[in-house]
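S.K.: Here you go, one structure.
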There are 2 protein chains.
Amino acid sequence: MPALTSKPVPKSRLSAAAWEQAALDLLAESGVAAVAVEPLARRLGVTKGSFYWHFATRDALLKAALERWERSDDSDVLTPIEAVSDPRERVRELIRQVSYRRPSHAVFAALLRALDQPLIGPVIERVSQRRIEFVTNAFRQAGFDDATAANRARLAYSAYVGFVQLAPIAQPRMNHDEFEAYIRDFIEILIPH
Amino acid sequence: MPALTSKPVPKSRLSAAAWEQAALDLLAESGVAAVAVEPLARRLGVTKGSFYWHFATRDALLKAALERWERSDDSDVLTPIEAVSDPRERVRELIRQVSYRRPSHAVFAALLRALDQPLIGPVIERVSQRRIEFVTNAFRQAGFDDATAANRARLAYSAYVGFVQLAPIAQPRMNHDEFEAYIRDFIEILIPH
DNA sequence: GCCTGTCAATACGCATGCGTATGGAAACTA
DNA sequence: TAGTTTCCATACGCATGCGTATTGACAGGC
């Protein structure tokens with residue numbers, strides 16, 4: 001039974017894309033600092049001799065992986081939700097996405113904790129900008145004036161970021177009903193009536 | 001001119017408290033990972049031979065420093081604000097404290113980014129619990145029922161945490177007036193009228 | 001003035017991480 | 001089948017961080 005931690009067996013030979021995906025998986029699980037060459041290689045069942053054929057440096061891998069994530073995050077999360085016409089329902093759906101903690105959100109949470117690093121900061125900055133604009137538009141369509149919509153969007157996004165950070169240590173661990181009630185209040189507070 | 005980064009000159013001989021304070025300073029500036037024995041010793045103008053006389057291990061220092069911070073954070077931030085009688089004004093004052101980014105908040109922001117570490121998680125957990133209770137009480141006094149007060153407090157605290165995290169990369173860097181307007185909306189949204 | 005306890009310097013061993021160099025095996029190509 | 005390209009293993013050098021061991025300097029108590 002060869003199962004140390006995950007999958008220490010190389011299917012065949014590796015591609016750069018495989019390294020990038022593995023980096024994102026590890027990133028989501030254990031944070032940016034854990035994305036190191038040797039551990040990744042062990043996980044893929046090879047040695048770092050392989051890695052340095054595909055990438056010049058560790059930062060190059062990180063950069064490529066982040067670009068991959070940023071692309072997929074946009075098209076997987078925001079774009080589908082844009083189809084929802086009612087702005088209240090759209091925001092509700094956005095929040096619901098978060099609660100289900102898809103892999104993309106785990107990556108986001110991990111990146112938030114490494115905002116200070118030069119490779120990470122700009123990514124979060126761009127993603128945040130787009131998301132806040134997305135929510136601002138929803139609020140405008142819900143009838144708020146521009147300034148109010150912007151501030152409510154900032155508040156909503158900050159609350160989202162804070163929630164993502166605090167969720168793993170949430171005190172008595174909210175159950176499903178409590179969470180639904182919280183979301184109801186969340187929406188009601190941000191978009192009254 | 002012996003000034004490399006800060007103060008590489010030992011006043012005399014060091015105490016454990018001096019190490020703890022230096023650890024908190026470095027923590028606030030560069031995060032938990034930066035709190036390493038040799039860099040700290042350099043900063044204090046000694047070598048690690050000194051450190052291991054005062055502390056058995058690096059984690060022991062971190063633990064002591066965190067206890068020190070947790071104590072002072074309670075008495076410096078929450079307790080003084082409890083004196084403010086009007087709940088709206090109390091929350092407003094709490095938020096204002098954050099905006100001025102006192103050292104204690106820089107420590108908090110750094111700790112948030114290391115929530116996964118076993119020494120950090122419980123500290124943030126306790127501090128968050130107390131703060132959320134504090135805000136929940138304010139909302140109750142403002143006339144909300146228990147469940148609503150709790151959810152609004154969660155939302156407010158999440159927004160606070162998110163704001164602290166995002167502030168360093170805030171897009172066009174809010175100016176003072178914009179920030180004041182944001183705070184006004186923040187209060188208005190959370191405690192209408 | 002000695003002696004003991006307090007604080008610190010130096011030197012070491014060990015681990016982990018990055019990146020390089022070089023050689024080998026497997027796969028594709030001609 | 002011979003040769004080239006692609007992918008990977010092994011071994012090394014270097015840096016940083018933790019913790020230990022040993023020795024030294026300087027204080028105060030006697």
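Each chain in the structure tokens gets a letter, A, B, ..., in the order shown, and its residues are numbered from 1; ligands are numbered from 1 in order too.
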Identify all chain A residues at most 9 Å from chain C by counting only C-alpha atoms (C1' of nucleotides); ligands do not count. Present them as a ChimeraX atom specification.
M.R.: /A:36-38,52,57-58
S.K.: Could you write those residues out with C-alpha atoms, as a PDB file, in the first residue's frame?
M.R.:
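Okay, result_7.pdb is ready:
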ATOM      1  CA  ALA A  36       9.201  24.273  -2.065  1.00  0.00           C
ATOM      2  CA  VAL A  37      11.011  22.362  -4.751  1.00  0.00           C
ATOM      3  CA  GLU A  38      12.056  19.240  -2.919  1.00  0.00           C
ATOM      4  CA  TYR A  52      14.998  22.423 -12.781  1.00  0.00           C
ATOM      5  CA  THR A  57      13.762  28.847 -10.452  1.00  0.00           C
ATOM      6  CA  ARG A  58      11.230  28.332  -7.683  1.00  0.00           C
TER       7      ARG A  58
END
S.K.: Would you list, as a PyMOL selection string, the residues of chain B that end up in alpha helix (DSSP H) under DSSP run on this structure's backbone?
M.R.: chain B and resi 16-30+37-44+48-54+58-73+79-82+87-99+103-112+121-141+146-166+176-190
S.K.: Work out how far CA of Asp25 in chain B is from CA of Ala106 in chain B, in Å to one decimal.
M.R.: 9.2 Å
S.K.: Enumerate as a list in words the residues belonging to chain A that approach chain D to within 9 Å, with only C-alpha atoms (C1' of nucleotides) taken into account.
M.R.: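 The answer, sorted by residue number, is Arg13, Leu14, Val46, Thr47, Lys48, Gly49, Ser50, Phe51 and Trp53 of chain A.
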S.K.: Only residues of chain A matter here; which ones have an atom within 10 Å of chain B, counting only C-alpha atoms? Give them as a PyMOL selection string.
M.R.: chain A and resi 30-31+33+109-116+121-122+124-126+128-129+147-148+150-152+154-171+178-179+181-186+189-192
S.K.: By how many Å are CA of Ala18 in chain A and CA of His105 in chain A apart?
M.R.: 20.1 Å
